[in-house]
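Coordinates from my_file.csv are shown below (CSV, C-alpha atoms and all ligand atoms).
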chain,number,residue,atom,x,y,z
B,1,MET,CA,3.6,-20.3,14.7
B,2,ASP,CA,6.0,-20.7,17.7
B,3,PHE,CA,9.0,-18.6,18.6
B,4,LYS,CA,11.5,-21.0,17.0
B,5,GLU,CA,9.8,-21.0,13.6
B,6,ARG,CA,9.1,-17.2,13.8
B,7,PHE,CA,12.8,-16.5,14.6
B,8,THR,CA,14.1,-18.7,11.8
B,9,GLN,CA,11.7,-17.2,9.3
B,10,ASP,CA,12.7,-13.7,10.3
B,11,ILE,CA,16.4,-14.5,9.7
B,12,ILE,CA,15.7,-16.0,6.3
B,13,ILE,CA,13.5,-13.0,5.3
B,14,GLU,CA,16.1,-10.6,6.5
B,15,LYS,CA,18.7,-12.3,4.4
B,16,PHE,CA,16.4,-12.2,1.4
B,17,SER,CA,15.5,-8.6,1.8
B,18,LEU,CA,19.2,-7.7,2.2
B,19,GLY,CA,19.8,-9.4,-1.2
B,20,GLU,CA,22.0,-12.2,0.3
B,21,ILE,CA,19.9,-15.0,-1.0
B,22,PRO,CA,17.6,-15.2,-4.0
B,23,ILE,CA,13.9,-15.6,-3.6
B,24,ALA,CA,13.9,-19.3,-4.6
B,25,GLU,CA,16.5,-20.2,-2.0
B,26,ALA,CA,14.5,-18.2,0.6
B,27,PHE,CA,11.4,-20.3,-0.1
B,28,ASN,CA,13.3,-23.6,0.1
B,29,LYS,CA,14.7,-22.6,3.4
B,30,LEU,CA,11.4,-21.3,4.7
B,31,PHE,CA,9.9,-24.8,4.2
B,32,LYS,CA,12.6,-26.4,6.2
B,33,VAL,CA,12.2,-24.3,9.4
B,34,ASP,CA,11.2,-27.3,11.5
B,35,GLU,CA,14.5,-29.1,11.1
B,36,ILE,CA,16.3,-26.4,12.9
B,37,ASN,CA,17.4,-26.9,16.4
B,38,ILE,CA,17.6,-23.6,18.2
B,39,GLY,CA,19.8,-23.3,21.3
B,40,HIS,CA,19.7,-20.7,24.1
B,41,SER,CA,22.2,-17.9,23.3
B,42,TYR,CA,21.7,-15.7,20.3
B,43,GLU,CA,25.1,-16.6,18.8
B,44,ARG,CA,24.4,-20.3,19.1
B,45,ARG,CA,21.1,-19.9,17.5
B,46,VAL,CA,22.6,-18.0,14.6
B,47,TYR,CA,25.5,-20.5,14.3
B,48,ARG,CA,23.0,-23.4,14.1
B,49,GLU,CA,20.9,-21.6,11.6
B,50,GLU,CA,23.9,-20.8,9.5
B,51,LYS,CA,24.9,-24.5,9.7
B,52,SER,CA,21.6,-26.1,9.0
B,53,LEU,CA,20.6,-23.6,6.4
B,54,ASN,CA,24.0,-23.5,4.9
B,55,LEU,CA,24.0,-19.7,4.8
B,56,LYS,CA,26.9,-17.3,4.7
B,57,PRO,CA,28.9,-16.7,8.0
B,58,VAL,CA,27.6,-14.4,10.7
B,59,ASP,CA,30.2,-11.8,9.5
B,60,ASN,CA,28.2,-11.3,6.4
B,61,ILE,CA,25.1,-10.5,8.4
B,62,GLU,CA,27.0,-7.8,10.2
B,63,ARG,CA,28.2,-6.4,6.9
B,64,SER,CA,24.7,-6.5,5.4
B,65,LYS,CA,23.3,-4.9,8.6
B,66,GLU,CA,25.9,-2.2,8.1
B,67,LYS,CA,24.8,-1.7,4.5
B,68,ASN,CA,21.2,-1.6,5.6
B,69,ARG,CA,22.1,1.1,8.2
B,70,GLU,CA,23.9,3.2,5.6
B,71,GLU,CA,20.9,3.0,3.3
B,72,LYS,CA,18.6,4.0,6.1
B,73,GLU,CA,20.9,6.9,6.9
B,74,GLN,CA,20.9,7.9,3.2
B,75,LEU,CA,17.1,7.8,3.1
B,76,LYS,CA,16.9,9.8,6.3
B,77,ASN,CA,19.1,12.5,4.7
B,78,LEU,CA,17.0,12.6,1.6
B,79,LEU,CA,13.8,13.0,3.6
B,80,GLU,CA,15.4,15.8,5.6
B,81,GLU,CA,16.4,17.4,2.3
B,82,MET,CA,12.7,17.2,1.2
B,83,ASP,CA,11.4,18.4,4.6
B,84,GLU,CA,13.8,21.4,4.4
B,85,LEU,CA,11.9,22.7,1.4
B,86,ILE,CA,9.5,25.4,2.6
B,87,GLY,CA,5.8,24.6,2.5
B,88,LEU,CA,4.6,22.0,0.0
B,89,GLU,CA,3.1,20.0,2.9
B,90,GLU,CA,0.6,18.1,0.7
B,91,VAL,CA,3.4,16.9,-1.7
B,92,LYS,CA,5.6,15.8,1.2
B,93,ARG,CA,2.6,13.9,2.7
B,94,ILE,CA,1.8,12.1,-0.5
B,95,ILE,CA,5.4,11.1,-1.1
B,96,LYS,CA,5.9,9.7,2.4
B,97,GLU,CA,2.6,7.8,2.0
B,98,TYR,CA,4.0,6.1,-1.1
B,99,ILE,CA,7.4,5.4,0.5
B,100,ALA,CA,5.5,3.5,3.3
B,101,PHE,CA,3.3,1.8,0.7
B,102,ILE,CA,6.3,0.5,-1.4
B,103,LYS,CA,8.1,-0.7,1.7
B,104,VAL,CA,5.1,-2.6,2.9
B,105,GLN,CA,4.6,-4.2,-0.5
B,106,LYS,CA,8.2,-5.4,-0.4
B,107,LEU,CA,7.7,-6.8,3.1
B,108,ARG,CA,4.5,-8.5,2.1
B,109,GLU,CA,6.3,-10.0,-0.9
B,110,SER,CA,8.9,-11.4,1.4
B,111,TYR,CA,6.2,-13.1,3.5
B,112,ASN,CA,4.6,-14.5,0.3
B,113,LEU,CA,1.5,-12.3,0.8
B,114,LYS,CA,-0.4,-10.7,-2.1
B,115,THR,CA,1.0,-7.4,-3.3
B,116,ALA,CA,-0.6,-4.5,-5.2
B,117,PRO,CA,1.2,-3.1,-8.3
B,118,VAL,CA,2.7,0.3,-7.5
B,119,VAL,CA,2.4,2.8,-10.3
B,120,MET,CA,4.2,6.0,-9.6
B,121,HIS,CA,3.5,8.2,-12.7
B,122,MET,CA,2.4,11.7,-11.6
B,123,ILE,CA,0.9,15.0,-12.7
B,124,PHE,CA,2.3,18.2,-11.2
B,125,LYS,CA,0.1,21.2,-11.5
B,126,GLY,CA,1.3,24.6,-10.7
B,127,ASN,CA,2.8,28.0,-11.7
B,128,PRO,CA,6.5,28.5,-12.6
B,129,GLY,CA,8.9,28.4,-9.6
B,130,THR,CA,6.6,26.5,-7.3
B,131,GLY,CA,9.2,23.7,-6.8
B,132,LYS,CA,8.0,21.1,-9.3
B,133,THR,CA,11.4,20.3,-10.8
B,134,THR,CA,13.1,20.5,-7.4
B,135,MET,CA,10.6,18.0,-5.9
B,136,ALA,CA,10.9,15.7,-9.0
B,137,ARG,CA,14.6,15.5,-8.5
B,138,ILE,CA,14.3,14.6,-4.8
B,139,ILE,CA,11.6,12.0,-5.6
B,140,GLY,CA,14.0,10.3,-8.1
B,141,LYS,CA,16.7,10.0,-5.4
B,142,ILE,CA,14.3,8.8,-2.7
B,143,PHE,CA,12.7,6.1,-4.9
B,144,LYS,CA,16.1,4.9,-5.9
B,145,GLU,CA,17.1,4.6,-2.2
B,146,ILE,CA,14.0,2.5,-1.4
B,147,GLY,CA,14.8,0.2,-4.4
B,148,TYR,CA,11.9,1.3,-6.6
B,149,LEU,CA,14.2,2.9,-9.2
B,150,LYS,CA,17.6,1.7,-10.3
B,151,GLY,CA,19.4,5.0,-11.1
B,152,GLY,CA,17.0,7.8,-9.9
B,153,GLU,CA,18.3,10.5,-12.2
B,154,LEU,CA,16.0,13.2,-13.5
B,155,ILE,CA,15.7,13.9,-17.2
B,156,GLU,CA,13.8,17.0,-18.0
B,157,VAL,CA,12.3,17.5,-21.4
B,158,GLU,CA,9.7,19.6,-23.2
B,159,ARG,CA,7.7,19.3,-26.4
B,160,ALA,CA,10.6,20.1,-28.8
B,161,ASP,CA,12.6,17.2,-27.3
B,162,LEU,CA,9.8,14.7,-28.0
B,163,VAL,CA,8.0,15.9,-31.1
B,164,GLY,CA,9.5,15.4,-34.5
B,165,GLU,CA,9.0,16.9,-37.9
B,166,TYR,CA,7.7,14.0,-40.1
B,167,ILE,CA,5.5,10.9,-39.7
B,168,GLY,CA,7.3,8.4,-37.6
B,169,HIS,CA,9.9,10.8,-36.4
B,170,THR,CA,8.0,11.6,-33.1
B,171,ALA,CA,7.6,8.0,-32.1
B,172,GLN,CA,11.3,7.5,-32.6
B,173,LYS,CA,12.3,10.6,-30.7
B,174,THR,CA,10.0,9.9,-27.8
B,175,LYS,CA,11.1,6.3,-27.6
B,176,LYS,CA,14.7,7.4,-27.4
B,177,VAL,CA,13.9,9.8,-24.5
B,178,LEU,CA,12.0,7.1,-22.7
B,179,GLU,CA,14.9,4.7,-23.0
B,180,ARG,CA,17.3,7.4,-21.8
B,181,ALA,CA,15.1,7.9,-18.7
B,182,LEU,CA,14.8,4.2,-17.8
B,183,GLY,CA,15.7,3.7,-14.1
B,184,GLY,CA,14.9,7.3,-13.3
B,185,VAL,CA,12.4,10.1,-13.6
B,186,LEU,CA,11.2,11.5,-16.9
B,187,PHE,CA,9.9,15.0,-16.3
B,188,ILE,CA,7.9,16.6,-19.1
B,189,ASP,CA,7.4,20.3,-18.6
B,190,GLU,CA,4.5,22.1,-20.1
B,191,ALA,CA,3.1,18.7,-21.0
B,192,TYR,CA,-0.2,20.2,-22.1
B,193,SER,CA,1.5,21.6,-25.2
B,194,LEU,CA,1.6,18.0,-26.5
B,195,ALA,CA,-2.1,18.2,-27.2
B,196,ARG,CA,-1.8,21.7,-28.8
B,197,GLY,CA,-2.5,20.9,-32.4
B,198,GLY,CA,-5.3,18.4,-31.9
B,199,GLU,CA,-5.7,15.1,-33.8
B,200,LYS,CA,-3.4,16.0,-36.7
B,201,ASP,CA,-0.5,17.2,-34.6
B,202,PHE,CA,2.5,15.0,-34.0
B,203,GLY,CA,2.0,15.7,-30.3
B,204,LYS,CA,-0.7,13.0,-30.4
B,205,GLU,CA,1.9,10.5,-31.7
B,206,CYS,CA,4.1,11.4,-28.8
B,207,ILE,CA,1.3,10.8,-26.2
B,208,ASP,CA,0.5,7.4,-27.8
B,209,THR,CA,4.2,6.5,-27.6
B,210,LEU,CA,4.4,7.6,-24.0
B,211,VAL,CA,1.3,5.5,-23.1
B,212,LYS,CA,2.9,2.5,-24.8
B,213,GLY,CA,6.1,3.2,-22.9
B,214,MET,CA,4.3,3.2,-19.7
B,215,GLU,CA,3.0,-0.3,-20.4
B,216,ASP,CA,6.3,-1.6,-21.8
B,217,TYR,CA,8.5,-0.2,-19.0
B,218,LYS,CA,5.9,-0.5,-16.2
B,219,ASP,CA,7.9,-0.1,-13.1
B,220,ARG,CA,11.2,0.9,-14.6
B,221,LEU,CA,10.7,4.7,-14.6
B,222,ILE,CA,8.5,7.4,-13.2
B,223,ILE,CA,6.9,9.8,-15.7
B,224,ILE,CA,5.9,13.2,-14.4
B,225,LEU,CA,3.8,15.5,-16.5
B,226,ALA,CA,4.0,19.1,-15.4
B,227,GLY,CA,2.4,22.4,-16.3
B,228,TYR,CA,0.0,25.2,-15.4
B,229,ARG,CA,-3.1,24.0,-13.4
B,230,ASN,CA,-5.8,25.1,-15.9
B,231,GLU,CA,-3.9,23.9,-19.0
B,232,MET,CA,-3.1,20.5,-17.4
B,233,ASP,CA,-6.8,20.1,-16.3
B,234,TYR,CA,-7.9,20.8,-19.9
B,235,PHE,CA,-5.2,18.5,-21.3
B,236,LEU,CA,-6.3,15.6,-19.0
B,237,LYS,CA,-10.0,16.2,-20.0
B,238,THR,CA,-9.1,15.8,-23.7
B,239,ASN,CA,-7.1,12.6,-22.9
B,240,PRO,CA,-9.2,10.5,-20.4
B,241,GLY,CA,-6.9,7.6,-21.1
B,242,LEU,CA,-4.0,9.6,-19.7
B,243,ALA,CA,-5.9,10.8,-16.6
B,244,SER,CA,-6.5,7.3,-15.5
B,245,ARG,CA,-2.9,6.3,-16.0
B,246,PHE,CA,-1.6,9.1,-13.8
B,247,ALA,CA,-3.1,8.2,-10.5
B,248,ILE,CA,-1.1,10.7,-8.5
B,249,GLN,CA,-2.0,14.3,-9.2
B,250,ILE,CA,-0.4,16.9,-7.1
B,251,ASP,CA,-1.1,20.7,-6.8
B,252,PHE,CA,1.8,23.0,-6.3
B,253,PRO,CA,0.2,26.2,-4.9
B,254,ASP,CA,1.8,29.6,-5.2
B,255,TYR,CA,3.9,30.5,-2.1
B,256,SER,CA,2.5,32.8,0.6
B,257,LEU,CA,4.5,35.9,1.5
B,258,GLU,CA,5.8,34.2,4.7
B,259,GLU,CA,6.9,31.2,2.6
B,260,LEU,CA,8.7,33.4,0.1
B,261,VAL,CA,10.6,35.1,2.9
B,262,GLN,CA,11.5,31.7,4.4
B,263,ILE,CA,12.7,30.5,1.0
B,264,ALA,CA,14.9,33.6,0.7
B,265,GLU,CA,16.4,32.9,4.1
B,266,LEU,CA,17.0,29.3,3.2
B,267,MET,CA,18.7,30.3,0.0
B,268,TYR,CA,21.1,32.6,1.8
B,269,LYS,CA,21.8,29.9,4.4
B,270,GLU,CA,22.6,27.3,1.7
B,271,ARG,CA,25.0,29.8,0.2
B,272,GLU,CA,26.5,30.6,3.6
B,273,TYR,CA,25.3,34.2,3.8
B,274,ILE,CA,23.4,35.8,6.7
B,275,LEU,CA,20.8,38.6,6.4
B,276,ASP,CA,21.5,41.2,9.1
B,277,GLU,CA,18.5,42.6,11.0
B,278,LYS,CA,17.8,45.5,8.7
B,279,SER,CA,18.1,43.5,5.5
B,280,LYS,CA,15.7,40.8,7.0
B,281,HIS,CA,13.0,43.4,7.5
B,282,TYR,CA,13.8,45.0,4.2
B,283,ILE,CA,13.5,41.7,2.2
B,284,TYR,CA,10.1,41.2,3.8
B,285,ARG,CA,9.1,44.6,2.5
B,286,VAL,CA,10.5,44.0,-0.9
B,287,LEU,CA,8.7,40.6,-1.3
B,288,SER,CA,5.5,42.1,0.0
B,289,GLU,CA,5.7,45.0,-2.5
B,290,LEU,CA,6.5,42.6,-5.4
B,291,ARG,CA,3.5,40.5,-4.4
B,292,ASN,CA,1.2,43.4,-4.1
B,293,LYS,CA,2.2,44.7,-7.5
B,294,GLU,CA,1.8,41.1,-8.7
B,295,LEU,CA,5.4,41.1,-9.9
B,296,ILE,CA,6.2,37.7,-8.4
B,297,ASN,CA,5.2,35.5,-11.3
B,298,GLY,CA,8.1,33.2,-10.9
B,299,ASN,CA,7.5,32.3,-7.2
B,300,ALA,CA,10.7,30.8,-5.7
B,301,ARG,CA,12.5,31.5,-9.0
B,302,THR,CA,11.9,35.2,-8.5
B,303,VAL,CA,13.3,34.9,-5.0
B,304,ARG,CA,16.3,33.0,-6.2
B,305,ASN,CA,17.0,35.7,-8.8
B,306,LEU,CA,16.7,38.4,-6.1
B,307,VAL,CA,19.0,36.5,-3.8
B,308,GLU,CA,21.6,36.0,-6.5
B,309,ARG,CA,21.5,39.6,-7.6
B,310,SER,CA,22.0,40.8,-4.0
B,311,ILE,CA,24.9,38.4,-3.6
B,312,ARG,CA,26.6,40.0,-6.6
B,313,GLN,CA,25.7,43.4,-5.3
B,314,HIS,CA,27.3,42.5,-2.0
B,315,ALA,CA,30.5,41.5,-3.8
B,316,ARG,CA,30.6,44.8,-5.6
B,317,ARG,CA,30.1,46.6,-2.3
B,318,ILE,CA,32.7,44.8,-0.2
B,319,ILE,CA,35.4,44.5,-2.8
B,320,LYS,CA,35.9,48.3,-2.4
B,321,LEU,CA,36.6,48.0,1.3
B,322,GLU,CA,40.2,48.3,2.4
B,323,ASN,CA,40.2,45.3,4.8
B,324,ILE,CA,37.6,42.6,4.2
B,325,SER,CA,36.6,40.8,7.4
B,326,ARG,CA,34.9,37.4,7.7
B,327,ASN,CA,31.7,39.3,8.8
B,328,ASP,CA,31.9,41.4,5.7
B,329,LEU,CA,32.0,38.3,3.6
B,330,LEU,CA,29.0,36.8,5.6
B,331,TYR,CA,26.5,39.5,6.0
B,332,ILE,CA,24.1,40.8,3.4
B,333,ARG,CA,23.1,44.4,4.2
B,334,LYS,CA,20.1,46.4,3.3
B,335,GLU,CA,22.0,48.3,0.6
B,336,ASP,CA,22.7,45.0,-1.2
B,337,LEU,CA,18.9,44.8,-1.8
B,338,LEU,CA,18.1,48.4,-2.6
B,339,GLY,CA,16.0,48.8,-5.7
B,340,GLU,CA,14.7,45.2,-5.7
B,341,GLU,CA,11.1,46.2,-4.9
B,342,GLY,CA,10.5,47.7,-8.3
B,343,LYS,CA,11.9,44.8,-10.3
B,344,ASN,CA,9.6,43.0,-12.8
B,345,GLU,CA,10.7,39.6,-13.8
B,346,GLU,CA,8.7,39.6,-16.9
B,347,MET,CA,10.0,42.9,-18.3
B,348,PRO,CA,13.3,43.3,-20.3
B,349,CYS,CA,14.8,44.4,-17.0
B,350,ASN,CA,14.6,40.7,-16.1
B,351,ARG,CA,18.3,40.3,-17.1
B,352,ASP,CA,20.6,41.4,-14.3
B,353,ALA,CA,23.0,43.4,-16.5
B,354,GLN,CA,20.1,45.5,-17.7
B,355,CYS,CA,18.7,46.0,-14.3
B,356,ARG,CA,21.5,47.8,-12.7
H,1,LIG,N1,9.7,25.1,-1.3
H,1,LIG,C1,10.9,25.5,-1.7
H,1,LIG,N2,11.8,25.7,-0.7
H,1,LIG,C2,13.0,26.2,-1.1
H,1,LIG,N3,13.4,26.4,-2.3
H,1,LIG,C3,12.6,26.3,-3.3
H,1,LIG,C4,11.3,25.8,-3.0
H,1,LIG,N4,10.6,25.7,-4.2
H,1,LIG,C5,11.4,26.1,-5.2
H,1,LIG,N5,12.6,26.4,-4.6
H,1,LIG,C6,13.8,26.9,-5.4
H,1,LIG,O1,13.3,27.8,-6.4
H,1,LIG,C7,13.9,27.6,-7.7
H,1,LIG,C8,12.9,27.2,-8.7
H,1,LIG,O2,12.2,26.0,-8.4
H,1,LIG,P1,11.9,24.9,-9.5
H,1,LIG,O3,12.8,25.0,-10.6
H,1,LIG,O4,11.7,23.6,-8.8
H,1,LIG,O5,10.4,25.4,-9.9
H,1,LIG,P2,9.5,24.8,-11.0
H,1,LIG,O6,8.1,24.7,-10.5
H,1,LIG,O7,10.1,23.6,-11.7
H,1,LIG,O8,9.5,26.0,-12.1
H,1,LIG,P3,9.3,26.0,-13.7
H,1,LIG,O9,7.9,25.6,-13.9
H,1,LIG,O10,9.5,27.4,-14.1
H,1,LIG,O11,10.3,25.0,-14.2
H,1,LIG,C9,14.9,26.5,-7.4
H,1,LIG,O12,16.2,27.1,-7.2
H,1,LIG,C10,14.5,25.8,-6.2
H,1,LIG,O13,15.5,25.3,-5.4
H,2,MG,MG,10.8,23.3,-13.6

Could the structure of this file be written out as structure tokens, please?
Ligand SMILES: Nc1ncnc2c1ncn2[C@@H]1O[C@H](COP(=O)(O)OP(=O)(O)OP(=O)(O)O)[C@@H](O)[C@H]1O
Ligand SMILES: [Mg+2]
Amino acid sequence: MDFKERFTQDIIIEKFSLGEIPIAEAFNKLFKVDEINIGHSYERRVYREEKSLNLKPVDNIERSKEKNREEKEQLKNLLEEMDELIGLEEVKRIIKEYIAFIKVQKLRESYNLKTAPVVMHMIFKGNPGTGKTTMARIIGKIFKEIGYLKGGELIEVERADLVGEYIGHTAQKTKKVLERALGGVLFIDEAYSLARGGEKDFGKECIDTLVKGMEDYKDRLIIILAGYRNEMDYFLKTNPGLASRFAIQIDFPDYSLEELVQIAELMYKEREYILDEKSKHYIYRVLSELRNKELINGNARTVRNLVERSIRQHARRIIKLENISRNDLLYIRKEDLLGEEGKNEEMPCNRDAQCR
């Protein structure tokens, strides 16, 4: 293919990928590439193309390019939001791989090359507070941005939202949830509980409806089944049909001490608070003690509770000051964290009011 043909094809494909011309029109025009007489300057070339192909004026290309730039910017922001999450390197890598894969499939389609179906249903295995819901929410937004999903919203449900009380009720309930989730992400927490009661349980009806929904609404939603690692492995073993339908299985490991400290720092930063030097060391000690006593059973959730408690404690402390400075408002001090090392999230003292 010579330069002239290549150039013309590229413009047609760009217009098609920007949604300016439908696929049929793009193909028609692609077969007419030889008729186009290309001049020397870029503008003249574009003008002639516009004329001979009867496409929209150059202005529109600029506007579409602008739209394209905005979309790229938006995707960049979302990827940054994902990268800001501490750890979770494996998840980030898999998601980026799929973004590239979907983009390439779209490009191949525009060149009339064979494409592979992209099925994005996933299994998330991990303990509470390991970032599963947070990641699912970002995935929804990212896959909307690259055009895989229409809306990108996350709908989070659990067994009680899907399973009914009489024969036929479950299918109805599950179908409604599936329809509500169309265009976005359906996140089913503690999904293993759907297999709880065995063959006679309505959970089975729910799974069957989900599987049917996956066929009917093939690429119109992403279903994510989440839950503890062992329970999910057992669940998938008892449902081999499900395992094969969920090609993407991701582990969410517990956070290391260093990661927990970084998560705490990030949470303060997001809320526009700063840990002073002493409180930075102290929070490390607190988290390390909680970990040693195996009291961190909520991973990042435990950290979030701790951060939020300290922010309330900070407010109680500074409100008593005569003059409150900007620095008073900004800095978390060690005394705002005192007593945290003994907290047990699973005990009744879990609730803040009872803890103080
Ligand atoms: N890697 C991370 N970096 C920063 N913040 C995180 C990270 N992982 C989780 N968080 C924060 O911790 C809190 C709990 O996370 P999330 O709800 O995503 O966990 P989960 O795995 O869905 O837990 P559960 O199973 O209990 O629903 C959220 O406030 C989230 O923003
Ligand atoms: Mg969750």

Could you give me, as JSON lines, a per-residue list for chain B showing, wherever an atom lies at most 9 Å from an atom of ligand MG 2 (chain H), the closest pair of atoms and their distance in Å to one decimal, using all atoms listed in the file and sorting by chain then residue number from low to high?
{"residue": "B:Pro128", "atom": "CA", "partner": "H:MG2", "partner_atom": "MG", "distance": 6.8}
{"residue": "B:Gly129", "atom": "CA", "partner": "H:MG2", "partner_atom": "MG", "distance": 6.8}
{"residue": "B:Thr130", "atom": "CA", "partner": "H:MG2", "partner_atom": "MG", "distance": 8.2}
{"residue": "B:Gly131", "atom": "CA", "partner": "H:MG2", "partner_atom": "MG", "distance": 7.0}
{"residue": "B:Lys132", "atom": "CA", "partner": "H:MG2", "partner_atom": "MG", "distance": 5.6}
{"residue": "B:Thr133", "atom": "CA", "partner": "H:MG2", "partner_atom": "MG", "distance": 4.1}
{"residue": "B:Thr134", "atom": "CA", "partner": "H:MG2", "partner_atom": "MG", "distance": 7.2}
{"residue": "B:Ala136", "atom": "CA", "partner": "H:MG2", "partner_atom": "MG", "distance": 8.9}
{"residue": "B:Glu156", "atom": "CA", "partner": "H:MG2", "partner_atom": "MG", "distance": 8.2}
{"residue": "B:Phe187", "atom": "CA", "partner": "H:MG2", "partner_atom": "MG", "distance": 8.8}
{"residue": "B:Asp189", "atom": "CA", "partner": "H:MG2", "partner_atom": "MG", "distance": 6.7}
{"residue": "B:Ala226", "atom": "CA", "partner": "H:MG2", "partner_atom": "MG", "distance": 8.2}
{"residue": "B:Gly227", "atom": "CA", "partner": "H:MG2", "partner_atom": "MG", "distance": 8.9}

Protein and nucleic acid residues within 9 Å of ligand LIG 1 (chain H) (all atoms listed in the file) as JSON, numbers by chain: {"B": [82, 84, 85, 86, 87, 88, 124, 125, 126, 127, 128, 129, 130, 131, 132, 133, 134, 135, 136, 137, 189, 190, 226, 227, 228, 252, 255, 259, 260, 262, 263, 264, 266, 267, 298, 299, 300, 301, 302, 303, 304, 305]}

Minimum-distance residue to Ile102 (chain B), chosen among B:Ile274, B:Val261, B:Ile142, B:Leu79 (using all atoms listed in the file): B:Ile142

Residue among B:Arg159, B:Arg326, B:Lys218, B:Arg196 lying closest to Pro117 (chain B), counting all atoms listed in the file: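 Closest to Pro117 (chain B) of all the choices is B:Lys218.
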
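Nearest residue to Ile139 (chain B), choosing from B:Ala160, B:Leu221, B:Ala195, B:Ile319 and counting all atoms listed in the file: B:Leu221.
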
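Taking CA of Tyr268 (chain B) and CA of Asn292 (chain B) as the two end points, the separation is 23.4 Å.
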
From B:Ser310, B:Ser64, B:Asn297, B:Thr8, residue lying nearest Ile283 (chain B) [all atoms listed in the file]: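 Ranking B:Ser310, B:Ser64, B:Asn297, B:Thr8 by distance to Ile283 (chain B), first place goes to B:Ser310.
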
Pairwise distance for CA of Ala26 (chain B) and CA of Ile12 (chain B), rounded to one decimal in Å: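 Straight-line distance from CA of Ala26 (chain B) to CA of Ile12 (chain B) works out to 6.2 Å.
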
d(CA of Asp251 (chain B), CA of Gly184 (chain B)) in Å: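 Interatomic distance here is 21.9 Å.
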
Residues within 10 Å of region 238-240 of chain B, all atoms listed in the file, excluding chain neighbours under 4 positions, as a PyMOL selection string: chain B and resi 195+198+204+207+232-234+244-245

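Of the listed residues (B:Glu158, B:Glu70, B:Glu97, B:Asp201), B:Glu158 comes nearest to Leu225 (chain B); the distances count all atoms listed in the file.
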
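Checking B:Asp219, B:Leu210, B:Tyr192, B:Ser110 one by one against Pro22 (chain B), counting all atoms listed in the file, you find the shortest gap at B:Ser110.
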